[in-house]
Amino acid sequence: MKKCDLMVDLGRRRFLSGAGMAAAGAAATTIGSGPAQAKPAAALVDYPVSRLGTVAELKVNEPKDVSYPDGDAPGVLIKLGKRVPGGVGPDGDIVGFSTLCPHKGYPLAFNTADKTLNCPGHYSRFDCEAGGQQIWGQSTQNLPQYALRVEANGDIVAEGLDELLYGRLSNVL
Amino acid sequence: MTYKRQIDRLPIVPADAKEHNVTCHFCIVGCGYKAYTWDINKQGGTEPSQNKFKVDLAKQQGADSPAWYAPSMYNIVKQGGKDVHLVIMPDKNCAVNSGLGSVRGARMAETSYSEARSTQQQRLTDPMVWRYGAMSPTSWDDALDLVARVTCQIIKDQGEDGLFVSAFDHGGAGGGYENTWGTGKLYFGAMKVKNIRIHNRPAYNSEVHATRDMGVGELNNCYEDAQLADTIVVVGANPLETQTNYFLNHWVPNLRGTSVDKKRAELPNEAHAQGRIVIVDPRRTVTVNACEAEAGKDRVMHLAINSGTDLALFNAWMTYIAEKGWVDKALIAASTNGFDKMVAANKTTLEQAAALTGLTVDQIRQSAEWIAMPKEGNARRRTMFAYEKGLIWGNDNYRTNGALVNVALATGNIGRPGGGCVRLGGHQEGYSRPSDAHVGRPAAYVDKLLIEGKGGVHHIWACDHYKTTLNAHQFKRTYKKRSDLVKEAMDSVPFGDRPALVNAIVDAIKKGGLFSVDVDIVPSQIGQAAHVWLPAATSGEMNLTSMNGERRMRLVERYMDPPGQSMPDCLIAARIANNMERVFREIGMAQAADNFKGFDWKTEEDAFMDGYHKHEKGGEHVTYARLKAAGTNGFQEPATGFADGKIAGTKRLFADGKFGGKDGKATFMETQWRGLQAAGKQAEKDKFAFLINNGRANLVWQNAYLDQHNDFVMDRQPYPFIELNPADMAELGLKQGDLVEVYNDNGSTQAMAYPTPSAKRKQAFMLFAYPTGVQGNVVSAGVNEFVIPNYKQTWGNIRKIASAPEGTRHLSFKSQEYAV
Ligand code: SF4
Ligand code: FES
């Protein structure tokens, strides 16, 4: 039994297995579509860099509706008022999440009292203060979170995702 | 940090991918899935013509899309020795789940054995034997020879009672008709093994003896009945977490009121309304919360009774309903025995029941009205009764089960649309075996006998007593000691000298040792004490048939290779039989050897035809080809014929008013309240501060045999949680995530504190059967008159062991209740 080691540094190990996965898909493309290409396929899809808002406009616990990486992928930016994993901005408390439930794609609703995103479909709940961890639910993924960056002028920019979005087999269509 | 897969795209299922029928191999619900496989060097495209779903995948898909799969539904596996892509996704056309996947079933692909993607590398690939102080790989011939030689010699010395067996009796993974028949033919056909037990309890017995004794088989309705009922009564069950898609796809529409049209269409000429639900459970579960969210609080009655007092409540319901005359007099007269006697014997007033259960008189009266008060126009109210482990593994199983069936039967709710009195089930079912009559009743208390030093050889089939038995702490201590005696003996001779090895083992057994053979798909915890591991295939690595909680039978078609040399259990049983036949002849027991004929199966289909097809009711109409044609909807057992290319089935049992008694009737049961029935429970309650209630959770399947190597699960659930009221936690000096010790006179175990405001003071709830903290350690050996364990009524004390370890610091401890 080696499950105890599993607890150690899960994040990094998982990144590697995840990247391996994406590469497998990419390799299959090249093989399947005729002569091998000289240019190696990217391990991750190319994400757009999109401006989703500004630090100044966000108020604590008032989610701002956004979409990323395109207009068909709804999400939110939230200033939580507390430094959290994946949080950016001067207080490290700004996070962004997809709001399509990764179970069956129903729209998530923000609960300001406990800072969770809740799904009316089958009652799944995701904790915005814990990297979108599914507190309870039917999704087999934690909630896709935006990789955010804050520019010198206070613009909040998204430039990636950490899980597959509901309803698409490639995060960038 | 929370676990994220960092997967941002998946290979697309091509239009020409192979399609296989799959029934989820985890819980009783048996949701329909499809497995798609295709060559590793191919993939589909986004154009509708290029993918299996015939849709434009370059567009965002909407909610409930049948064309989207999550990363957990994808893997790379072997098929015919070659790597193939595999997607296992829920089937929209299956009547059970209509395309829903749960957090367990939707991980079937990810929890498959994959060399390419390193998933489930724990799977056993070779027979393994204890050699030079460790488990080491060997050939099937070598392993089977050793098993047969030791087993035959012990039977020669001690008779068949020297062979102890622990074996699954269910469907789905680690079971199914093929495999129960294979093991059944070996132990009940070729032999008459008496010292045998089932995977989750210490004897070979029914969990629902009472309903069967009354002539009312326990899976008597269909899932649609939950959409048709006026009232659902659910006892000791948490269906949102443990029968998930049954609840979501069939209960919720009724609670929401969206099945009213269906009610009107199927049951015209009576009034219909949105459904109501009565939930009997000492604990507030997420099921209660979901019911309130859907039906509104005024249509949900949560009866949070004192733990173990269900029987008093049911007797009071029966008494009140009989006094009011809300019973089905015609059915009682025509189809039952013993009604008046039962009513007289079980008489319990509302006040008496209130005192015992902790409910108010009004709550009991009102719930009885929801169950049986006639509807508008004096129509009989349709009430469906469902129960599971809170009753089955609760106080006084036999009488409590009978008392609930009394109410359902008297109110005319068995065999009728919108009715039924059913267990909800854990695993699927898949039982086909020769008669077990020789086992007797009460059956042997196998775990107790093992602790007492009885038996010489133990064959284990997909059971892990170390995680899923009662009195587990003592069991493990003793079992290990006995197994170590044999390990030391094996270490004392060269492995290659077979006669010397067998002699050494047999000598050690004479000194109290136990030779342990473990057939499983993974190295289990009890397997740490075993001397031989035989690697089994699981569902999808073999063709496998089972039925779900509405008796819906399907064939899972083999979609991938089993790991390494592993084989279906039925074929392992056949090869054990072949080897035992040979060895019995060699040691001069020709007569015994002759009993082992009829095990010449080459495939699981051979076992199916020999077993289910020949022996089960309606089995003659059922073949693999017909089941394949019936797809993920299958048919409902028993089969009654085959016409127009379809197997005809049975939607509800007892619809004709004929029950299972010898006279074709059902018989009411006298079920007087007698307090905490199992020996020692009342004293335990008096001595210890906390009720250690226990059960399952949504995220985890069974004892986590696969989930223990699934990153998504282990990230969220590194240790079993124990739900505690925050005020109790403050008193104990506990913070969220702290590790606590739960202890009493039976043993001790560990869990992770999860603050739960809805938990009652001094009523803890701990996840059952988890590998990193076994609740069974603190469950006493007390059982009922038929050796049914009483896991639920356990009391213990709690103390802090350690502050939240690193692996728990990133966890959310917020309420699990959906809140908007
Ligand atoms: S509800 Fe049960 S059968 Fe259905 S997908 Fe989930 S675990 Fe499988
Ligand atoms: S869609 Fe969100 S829980 Fe099902």
# chains A, B, ... in the order shown; residues from 1 in each chain; ligands from 1

$ residues_near_ligand --ligand "ligand 2" --cutoff "12 Å" --atoms "only C-alpha atoms and all ligand atoms" --output "PDB file with C-alpha atoms, in the first residue's frame"
ATOM      1  CA  THR A  99     -19.694  28.610 -13.519  1.00  0.00           C
ATOM      2  CA  LEU A 100     -20.801  25.673 -15.631  1.00  0.00           C
ATOM      3  CA  CYS A 101     -21.112  22.740 -13.267  1.00  0.00           C
ATOM      4  CA  PRO A 102     -18.617  20.084 -14.420  1.00  0.00           C
ATOM      5  CA  HIS A 103     -21.232  17.415 -13.732  1.00  0.00           C
ATOM      6  CA  LYS A 104     -23.939  18.175 -16.295  1.00  0.00           C
ATOM      7  CA  GLY A 105     -23.400  21.804 -17.151  1.00  0.00           C
ATOM      8  CA  TYR A 106     -26.049  23.540 -15.048  1.00  0.00           C
ATOM      9  CA  PRO A 107     -25.268  27.135 -14.023  1.00  0.00           C
ATOM     10  CA  LEU A 108     -23.725  27.554 -10.587  1.00  0.00           C
ATOM     11  CA  ALA A 109     -24.990  30.161  -8.146  1.00  0.00           C
ATOM     12  CA  LEU A 117     -20.801  27.947  -5.820  1.00  0.00           C
ATOM     13  CA  ASN A 118     -23.931  25.752  -5.737  1.00  0.00           C
ATOM     14  CA  CYS A 119     -25.555  23.742  -8.488  1.00  0.00           C
ATOM     15  CA  PRO A 120     -29.328  23.540  -8.827  1.00  0.00           C
ATOM     16  CA  GLY A 121     -28.925  20.473 -11.060  1.00  0.00           C
ATOM     17  CA  HIS A 122     -27.916  17.837  -8.521  1.00  0.00           C
ATOM     18  CA  TYR A 123     -26.805  19.875  -5.479  1.00  0.00           C
ATOM     19  CA  SER A 124     -23.043  19.918  -6.023  1.00  0.00           C
ATOM     20  CA  ARG A 125     -21.122  22.549  -4.062  1.00  0.00           C
ATOM     21  CA  PHE A 126     -17.700  24.019  -4.733  1.00  0.00           C
ATOM     22  CA  GLN A 134     -16.051  20.050  -4.599  1.00  0.00           C
ATOM     23  CA  ILE A 135     -17.374  20.048  -1.044  1.00  0.00           C
ATOM     24  CA  TRP A 136     -20.003  17.508  -2.002  1.00  0.00           C
ATOM     25  CA  GLY A 137     -21.406  16.543  -5.356  1.00  0.00           C
ATOM     26  CA  GLN A 138     -21.672  14.508  -8.504  1.00  0.00           C
ATOM     27  CA  SER A 139     -18.891  16.072 -10.509  1.00  0.00           C
ATOM     28  CA  THR A 140     -15.755  13.992 -10.961  1.00  0.00           C
ATOM     29  CA  GLN A 141     -13.687  17.145 -11.163  1.00  0.00           C
ATOM     30  CA  ASN A 142     -13.058  20.055  -8.895  1.00  0.00           C
ATOM     31  CA  LEU A 143     -14.172  23.325 -10.395  1.00  0.00           C
ATOM     32  CA  TYR A 166     -17.998  21.245 -19.137  1.00  0.00           C
ATOM     33  CA  GLY A 167     -19.450  20.849 -22.619  1.00  0.00           C
TER      34      GLY A 167
ATOM     35  CA  GLY B  62     -25.486  22.562 -23.592  1.00  0.00           C
ATOM     36  CA  ALA B  63     -26.493  21.157 -20.178  1.00  0.00           C
ATOM     37  CA  ASP B  64     -27.218  17.399 -20.057  1.00  0.00           C
ATOM     38  CA  SER B  65     -25.322  16.920 -23.307  1.00  0.00           C
ATOM     39  CA  GLY B  99     -27.723   9.843 -19.048  1.00  0.00           C
ATOM     40  CA  LEU B 100     -26.799  10.713 -15.472  1.00  0.00           C
ATOM     41  CA  GLY B 101     -23.455   9.604 -14.109  1.00  0.00           C
ATOM     42  CA  SER B 102     -22.627   9.789 -10.429  1.00  0.00           C
ATOM     43  CA  VAL B 103     -19.327  10.760  -8.860  1.00  0.00           C
ATOM     44  CA  LEU B 240     -28.921  10.724  -2.685  1.00  0.00           C
ATOM     45  CA  THR B 244     -27.723   8.360  -6.393  1.00  0.00           C
ATOM     46  CA  ASN B 245     -29.218   8.213  -9.843  1.00  0.00           C
ATOM     47  CA  LEU B 248     -32.110  11.902  -8.909  1.00  0.00           C
ATOM     48  CA  ASN B 249     -33.895  10.376 -11.873  1.00  0.00           C
ATOM     49  CA  ALA B 290     -32.310  17.770  -1.235  1.00  0.00           C
ATOM     50  CA  TYR B 818     -26.757  22.547  -1.042  1.00  0.00           C
TER      51      TYR B 818
END

$ residues_near_ligand --ligand "ligand 1" --cutoff "7 Å" --atoms "only C-alpha atoms and all ligand atoms" --output "VMD selection string"
chain B and resid 24 to 31 97 101 to 106 243 to 246

$ write_last_selection --atoms "all heavy atoms" --output "CSV table (one decimal), in the first residue's frame"
chain,number,residue,atom,x,y,z
B,24,CYS,N,-23.0,0.2,-14.9
B,24,CYS,CA,-22.1,0.6,-13.9
B,24,CYS,C,-21.9,-0.6,-12.9
B,24,CYS,O,-22.8,-1.2,-12.5
B,24,CYS,CB,-22.6,1.8,-13.1
B,24,CYS,SG,-21.5,2.3,-11.8
B,25,HIS,N,-20.6,-0.9,-12.6
B,25,HIS,CA,-20.4,-2.1,-11.8
B,25,HIS,C,-20.3,-1.7,-10.3
B,25,HIS,O,-19.9,-2.6,-9.5
B,25,HIS,CB,-19.1,-2.9,-12.2
B,25,HIS,CG,-17.9,-2.1,-12.4
B,25,HIS,ND1,-17.1,-1.8,-11.4
B,25,HIS,CD2,-17.3,-1.6,-13.5
B,25,HIS,CE1,-16.0,-1.1,-11.9
B,25,HIS,NE2,-16.1,-1.0,-13.2
B,26,PHE,N,-20.6,-0.5,-9.9
B,26,PHE,CA,-20.6,-0.1,-8.5
B,26,PHE,C,-21.9,-0.4,-7.8
B,26,PHE,O,-22.2,-1.5,-7.5
B,26,PHE,CB,-20.1,1.3,-8.4
B,26,PHE,CG,-18.7,1.5,-8.9
B,26,PHE,CD1,-18.3,2.6,-9.7
B,26,PHE,CD2,-17.7,0.5,-8.6
B,26,PHE,CE1,-17.0,2.7,-10.1
B,26,PHE,CE2,-16.4,0.7,-9.1
B,26,PHE,CZ,-16.1,1.8,-9.9
B,27,CYS,N,-22.8,0.7,-7.7
B,27,CYS,CA,-23.9,0.5,-6.8
B,27,CYS,C,-25.1,-0.2,-7.4
B,27,CYS,O,-25.2,-0.5,-8.6
B,27,CYS,CB,-24.2,1.8,-6.1
B,27,CYS,SG,-25.5,2.8,-6.9
B,28,ILE,N,-26.1,-0.5,-6.5
B,28,ILE,CA,-27.3,-1.3,-6.8
B,28,ILE,C,-28.1,-0.7,-8.0
B,28,ILE,O,-28.8,-1.4,-8.7
B,28,ILE,CB,-28.2,-1.3,-5.6
B,28,ILE,CG1,-29.5,-2.0,-5.8
B,28,ILE,CG2,-28.5,0.1,-5.1
B,28,ILE,CD1,-29.5,-3.5,-5.9
B,29,VAL,N,-28.0,0.6,-8.2
B,29,VAL,CA,-28.8,1.3,-9.2
B,29,VAL,C,-28.5,0.7,-10.6
B,29,VAL,O,-29.4,0.5,-11.4
B,29,VAL,CB,-28.6,2.8,-9.2
B,29,VAL,CG1,-29.5,3.5,-10.2
B,29,VAL,CG2,-28.9,3.3,-7.8
B,30,GLY,N,-27.3,0.4,-10.9
B,30,GLY,CA,-26.9,-0.2,-12.2
B,30,GLY,C,-27.2,0.7,-13.3
B,30,GLY,O,-28.0,0.4,-14.3
B,31,CYS,N,-26.6,1.9,-13.3
B,31,CYS,CA,-26.9,2.9,-14.4
B,31,CYS,C,-26.3,2.3,-15.7
B,31,CYS,O,-25.3,1.7,-15.7
B,31,CYS,CB,-26.2,4.2,-14.1
B,31,CYS,SG,-27.0,4.9,-12.6
B,97,ASN,N,-31.0,5.7,-15.6
B,97,ASN,CA,-30.3,6.9,-15.3
B,97,ASN,C,-30.5,8.0,-16.3
B,97,ASN,O,-30.1,9.2,-16.1
B,97,ASN,CB,-28.8,6.6,-15.0
B,97,ASN,CG,-28.2,5.9,-16.2
B,97,ASN,OD1,-28.7,5.0,-16.8
B,97,ASN,ND2,-27.0,6.4,-16.6
B,101,GLY,N,-24.6,10.4,-14.7
B,101,GLY,CA,-23.5,9.6,-14.1
B,101,GLY,C,-23.2,10.1,-12.7
B,101,GLY,O,-23.4,11.3,-12.5
B,102,SER,N,-22.9,9.3,-11.8
B,102,SER,CA,-22.6,9.8,-10.4
B,102,SER,C,-21.1,10.0,-10.3
B,102,SER,O,-20.3,9.6,-11.1
B,102,SER,CB,-23.2,8.8,-9.4
B,102,SER,OG,-22.3,7.7,-9.3
B,103,VAL,N,-20.8,10.5,-9.1
B,103,VAL,CA,-19.3,10.8,-8.9
B,103,VAL,C,-18.6,9.4,-8.7
B,103,VAL,O,-17.3,9.4,-8.8
B,103,VAL,CB,-19.2,11.7,-7.6
B,103,VAL,CG1,-19.5,10.9,-6.3
B,103,VAL,CG2,-17.8,12.2,-7.5
B,104,ARG,N,-19.3,8.4,-8.5
B,104,ARG,CA,-18.6,7.0,-8.4
B,104,ARG,C,-18.6,6.4,-9.9
B,104,ARG,O,-17.5,6.2,-10.4
B,104,ARG,CB,-19.4,6.1,-7.5
B,104,ARG,CG,-19.4,6.7,-6.1
B,104,ARG,CD,-20.3,5.8,-5.1
B,104,ARG,NE,-21.6,5.6,-5.5
B,104,ARG,CZ,-22.6,6.5,-5.4
B,104,ARG,NH1,-22.3,7.7,-4.9
B,104,ARG,NH2,-23.9,6.3,-5.8
B,105,GLY,N,-19.7,6.2,-10.5
B,105,GLY,CA,-19.8,5.5,-11.7
B,105,GLY,C,-19.1,6.3,-12.9
B,105,GLY,O,-18.5,5.7,-13.8
B,106,ALA,N,-19.1,7.6,-12.8
B,106,ALA,CA,-18.5,8.4,-13.9
B,106,ALA,C,-16.9,8.3,-13.8
B,106,ALA,O,-16.3,8.9,-14.6
B,106,ALA,CB,-19.0,9.8,-13.9
B,243,GLN,N,-27.8,5.6,-3.5
B,243,GLN,CA,-28.5,5.1,-4.7
B,243,GLN,C,-28.8,6.3,-5.6
B,243,GLN,O,-29.9,6.6,-6.0
B,243,GLN,CB,-29.9,4.4,-4.4
B,243,GLN,CG,-29.8,3.1,-3.6
B,243,GLN,CD,-29.6,3.3,-2.1
B,243,GLN,OE1,-29.9,4.4,-1.6
B,243,GLN,NE2,-29.2,2.3,-1.4
B,244,THR,N,-27.7,7.0,-5.9
B,244,THR,CA,-27.7,8.4,-6.4
B,244,THR,C,-28.7,8.6,-7.6
B,244,THR,O,-29.6,9.4,-7.5
B,244,THR,CB,-26.3,8.8,-6.8
B,244,THR,OG1,-25.5,8.6,-5.6
B,244,THR,CG2,-26.3,10.2,-7.2
B,245,ASN,N,-28.4,7.9,-8.6
B,245,ASN,CA,-29.2,8.2,-9.8
B,245,ASN,C,-30.6,7.7,-9.8
B,245,ASN,O,-31.5,8.2,-10.5
B,245,ASN,CB,-28.5,7.8,-11.1
B,245,ASN,CG,-27.2,8.6,-11.3
B,245,ASN,OD1,-27.2,9.8,-10.9
B,245,ASN,ND2,-26.2,8.1,-11.9
B,246,TYR,N,-30.9,6.7,-9.0
B,246,TYR,CA,-32.3,6.3,-8.7
B,246,TYR,C,-33.0,7.5,-8.0
B,246,TYR,O,-34.1,7.9,-8.5
B,246,TYR,CB,-32.3,5.1,-7.8
B,246,TYR,CG,-33.6,4.6,-7.4
B,246,TYR,CD1,-34.8,4.8,-8.1
B,246,TYR,CD2,-33.8,3.8,-6.2
B,246,TYR,CE1,-36.0,4.4,-7.7
B,246,TYR,CE2,-35.0,3.4,-5.8
B,246,TYR,CZ,-36.2,3.6,-6.5
B,246,TYR,OH,-37.4,3.2,-6.1

$ interface_residues --of "chain B" --to "chain A" --cutoff "6 Å" --atoms "only C-alpha atoms" --output "list in words"
Thr2, Arg5, Gln6, Ile7, Asp8, Arg9, Leu10, Pro11, Asn41, Lys42, Ala58, Gln60, Gln61, Ala63, Asp64, Trp68, Ser102, Val103, Gly807, Gln816, Tyr818 and Val820 of chain B

$ write_last_selection --atoms "N, CA and C atoms" --output "PDB file, in the first residue's frame"
ATOM      1  N   THR B   2      -5.939  22.088  -3.924  1.00  0.00           N
ATOM      2  CA  THR B   2      -6.950  21.147  -4.402  1.00  0.00           C
ATOM      3  C   THR B   2      -6.478  20.432  -5.664  1.00  0.00           C
ATOM      4  N   ARG B   5      -6.582  18.076 -12.515  1.00  0.00           N
ATOM      5  CA  ARG B   5      -5.919  17.148 -13.438  1.00  0.00           C
ATOM      6  C   ARG B   5      -5.031  17.851 -14.474  1.00  0.00           C
ATOM      7  N   GLN B   6      -5.209  19.152 -14.656  1.00  0.00           N
ATOM      8  CA  GLN B   6      -4.468  19.880 -15.694  1.00  0.00           C
ATOM      9  C   GLN B   6      -4.671  19.232 -17.059  1.00  0.00           C
ATOM     10  N   ILE B   7      -5.860  18.756 -17.311  1.00  0.00           N
ATOM     11  CA  ILE B   7      -6.202  18.202 -18.635  1.00  0.00           C
ATOM     12  C   ILE B   7      -7.068  19.237 -19.332  1.00  0.00           C
ATOM     13  N   ASP B   8      -6.645  19.648 -20.533  1.00  0.00           N
ATOM     14  CA  ASP B   8      -7.441  20.685 -21.192  1.00  0.00           C
ATOM     15  C   ASP B   8      -8.033  20.218 -22.509  1.00  0.00           C
ATOM     16  N   ARG B   9      -7.837  18.973 -22.849  1.00  0.00           N
ATOM     17  CA  ARG B   9      -8.590  18.414 -23.975  1.00  0.00           C
ATOM     18  C   ARG B   9      -8.556  16.900 -23.902  1.00  0.00           C
ATOM     19  N   LEU B  10      -9.480  16.287 -24.617  1.00  0.00           N
ATOM     20  CA  LEU B  10      -9.556  14.824 -24.646  1.00  0.00           C
ATOM     21  C   LEU B  10      -9.675  14.376 -26.093  1.00  0.00           C
ATOM     22  N   PRO B  11      -9.163  13.194 -26.406  1.00  0.00           N
ATOM     23  CA  PRO B  11      -9.365  12.640 -27.743  1.00  0.00           C
ATOM     24  C   PRO B  11     -10.865  12.471 -28.008  1.00  0.00           C
ATOM     25  N   ASN B  41      -3.911   5.021 -32.319  1.00  0.00           N
ATOM     26  CA  ASN B  41      -3.359   6.012 -33.252  1.00  0.00           C
ATOM     27  C   ASN B  41      -4.445   6.709 -34.072  1.00  0.00           C
ATOM     28  N   LYS B  42      -5.674   6.649 -33.595  1.00  0.00           N
ATOM     29  CA  LYS B  42      -6.764   7.300 -34.329  1.00  0.00           C
ATOM     30  C   LYS B  42      -7.517   8.228 -33.386  1.00  0.00           C
ATOM     31  N   ALA B  58     -17.061  21.472 -32.274  1.00  0.00           N
ATOM     32  CA  ALA B  58     -16.336  22.742 -32.208  1.00  0.00           C
ATOM     33  C   ALA B  58     -17.176  23.792 -31.484  1.00  0.00           C
ATOM     34  N   GLN B  60     -19.652  24.820 -28.047  1.00  0.00           N
ATOM     35  CA  GLN B  60     -19.981  24.519 -26.657  1.00  0.00           C
ATOM     36  C   GLN B  60     -21.277  23.694 -26.626  1.00  0.00           C
ATOM     37  N   GLN B  61     -21.275  22.571 -25.890  1.00  0.00           N
ATOM     38  CA  GLN B  61     -22.481  21.744 -25.746  1.00  0.00           C
ATOM     39  C   GLN B  61     -23.304  22.241 -24.557  1.00  0.00           C
ATOM     40  N   ALA B  63     -26.327  21.997 -21.372  1.00  0.00           N
ATOM     41  CA  ALA B  63     -26.493  21.157 -20.178  1.00  0.00           C
ATOM     42  C   ALA B  63     -27.069  19.804 -20.584  1.00  0.00           C
ATOM     43  N   ASP B  64     -26.724  18.760 -19.807  1.00  0.00           N
ATOM     44  CA  ASP B  64     -27.218  17.399 -20.057  1.00  0.00           C
ATOM     45  C   ASP B  64     -26.817  16.869 -21.429  1.00  0.00           C
ATOM     46  N   TRP B  68     -20.762  14.939 -24.234  1.00  0.00           N
ATOM     47  CA  TRP B  68     -19.600  15.416 -23.469  1.00  0.00           C
ATOM     48  C   TRP B  68     -19.178  14.355 -22.461  1.00  0.00           C
ATOM     49  N   SER B 102     -22.912   9.284 -11.778  1.00  0.00           N
ATOM     50  CA  SER B 102     -22.627   9.789 -10.429  1.00  0.00           C
ATOM     51  C   SER B 102     -21.129   9.970 -10.254  1.00  0.00           C
ATOM     52  N   VAL B 103     -20.754  10.514  -9.126  1.00  0.00           N
ATOM     53  CA  VAL B 103     -19.327  10.760  -8.860  1.00  0.00           C
ATOM     54  C   VAL B 103     -18.557   9.441  -8.701  1.00  0.00           C
ATOM     55  N   GLY B 807      -1.923  16.627   4.885  1.00  0.00           N
ATOM     56  CA  GLY B 807      -2.826  16.159   3.834  1.00  0.00           C
ATOM     57  C   GLY B 807      -4.266  16.603   4.000  1.00  0.00           C
ATOM     58  N   GLN B 816     -22.067  20.254   3.803  1.00  0.00           N
ATOM     59  CA  GLN B 816     -22.290  19.522   2.547  1.00  0.00           C
ATOM     60  C   GLN B 816     -23.670  19.811   1.961  1.00  0.00           C
ATOM     61  N   TYR B 818     -26.477  21.610   0.035  1.00  0.00           N
ATOM     62  CA  TYR B 818     -26.757  22.547  -1.042  1.00  0.00           C
ATOM     63  C   TYR B 818     -27.471  23.770  -0.460  1.00  0.00           C
ATOM     64  N   VAL B 820     -28.649  27.824  -1.539  1.00  0.00           N
ATOM     65  CA  VAL B 820     -28.662  28.999  -2.422  1.00  0.00           C
ATOM     66  C   VAL B 820     -29.466  30.119  -1.769  1.00  0.00           C
TER      67      VAL B 820
END

$ select_by_dssp --residues "segment 573-756 of chain B" --states "helix (DSSP H, G or I)" --output "count of residues only"
64

$ residues_around --residues "Arg399 of chain B" --least-positions-apart "5" --cutoff "10 Å" --atoms "only C-alpha atoms" --output "list in words"
His209, Ala210, Thr211, Leu311, Leu404, Val405, Met669, Glu670, Thr671, Gln672, Trp673 and Arg674 of chain B

$ write_last_selection --atoms "C-alpha atoms" --output "PDB file, in the first residue's frame"
ATOM      1  CA  HIS B 209     -34.901 -12.837   6.418  1.00  0.00           C
ATOM      2  CA  ALA B 210     -38.114 -11.380   7.787  1.00  0.00           C
ATOM      3  CA  THR B 211     -39.621 -10.086   4.574  1.00  0.00           C
ATOM      4  CA  LEU B 311     -39.477  -0.897  15.426  1.00  0.00           C
ATOM      5  CA  LEU B 404     -42.202  -2.325   8.199  1.00  0.00           C
ATOM      6  CA  VAL B 405     -43.479  -4.990   5.809  1.00  0.00           C
ATOM      7  CA  MET B 669     -45.466 -11.015  11.600  1.00  0.00           C
ATOM      8  CA  GLU B 670     -45.592 -10.447  15.342  1.00  0.00           C
ATOM      9  CA  THR B 671     -42.841  -8.000  16.118  1.00  0.00           C
ATOM     10  CA  GLN B 672     -42.850  -6.785  19.709  1.00  0.00           C
ATOM     11  CA  TRP B 673     -40.334  -4.171  20.815  1.00  0.00           C
ATOM     12  CA  ARG B 674     -37.607  -5.611  23.029  1.00  0.00           C
TER      13      ARG B 674
END

$ residues_around --residues "Asp39 of chain B" --least-positions-apart "4" --cutoff "8 Å" --atoms "only C-alpha atoms" --output "VMD selection string"
chain B and resid 43 83 to 85

$ write_last_selection --atoms "N, CA and C atoms" --output "compact mmCIF listing (two decimals), in the first residue's frame"
# COMPACT_ATOMS: atom_id res chain seq x y z
N GLN B 43 -8.20 9.19 -33.95
CA GLN B 43 -9.18 9.91 -33.15
C GLN B 43 -10.23 10.54 -34.06
N ASP B 83 -2.97 -1.35 -27.16
CA ASP B 83 -3.49 -0.15 -26.51
C ASP B 83 -4.65 0.42 -27.33
N VAL B 84 -5.72 0.75 -26.63
CA VAL B 84 -6.83 1.46 -27.28
C VAL B 84 -7.29 2.59 -26.37
N HIS B 85 -7.88 3.60 -26.98
CA HIS B 85 -8.55 4.64 -26.21
C HIS B 85 -9.86 4.07 -25.68

$ atom_distance --atom1 "atom CA of Leu86 of chain B" --atom2 "atom CA of Glu557 of chain B"
13.6 Å

$ residues_around --residues "Thr23 of chain B" --least-positions-apart "4" --cutoff "8 Å" --atoms "only C-alpha atoms" --output "ChimeraX atom specification"
/B:30-33,554-556,632

$ residues_around --residues "segment 543-548 of chain B" --least-positions-apart "3" --cutoff "8 Å" --atoms "only C-alpha atoms" --output "list in words"
Ile28, Val29, Gly30, Gly171, Gly172, Gly176, Tyr177, Glu178, Gln428, Glu429, Gly430, Ser539, Gly540, Arg551, Arg552, Met553, Arg554, Leu555, Val556, Glu557, Arg558, Glu604, Glu605 and Glu637 of chain B

$ residues_around --residues "segment 777-788 of chain B" --least-positions-apart "5" --cutoff "9 Å" --atoms "only C-alpha atoms" --output "ChimeraX atom specification"
/B:201-207,209,392-393,395-398,441-445,448,466-467,469-475,677-681,684,692,742-749,793-796

$ select_by_dssp --residues "segment 37-110 of chain A" --states "strand (DSSP E)" --output "JSON, numbers by chain"
{"A": [50, 51, 52, 53, 54, 64, 65, 66, 67, 74, 75, 76, 77, 78, 79, 94, 95, 96, 97, 98, 109, 110]}
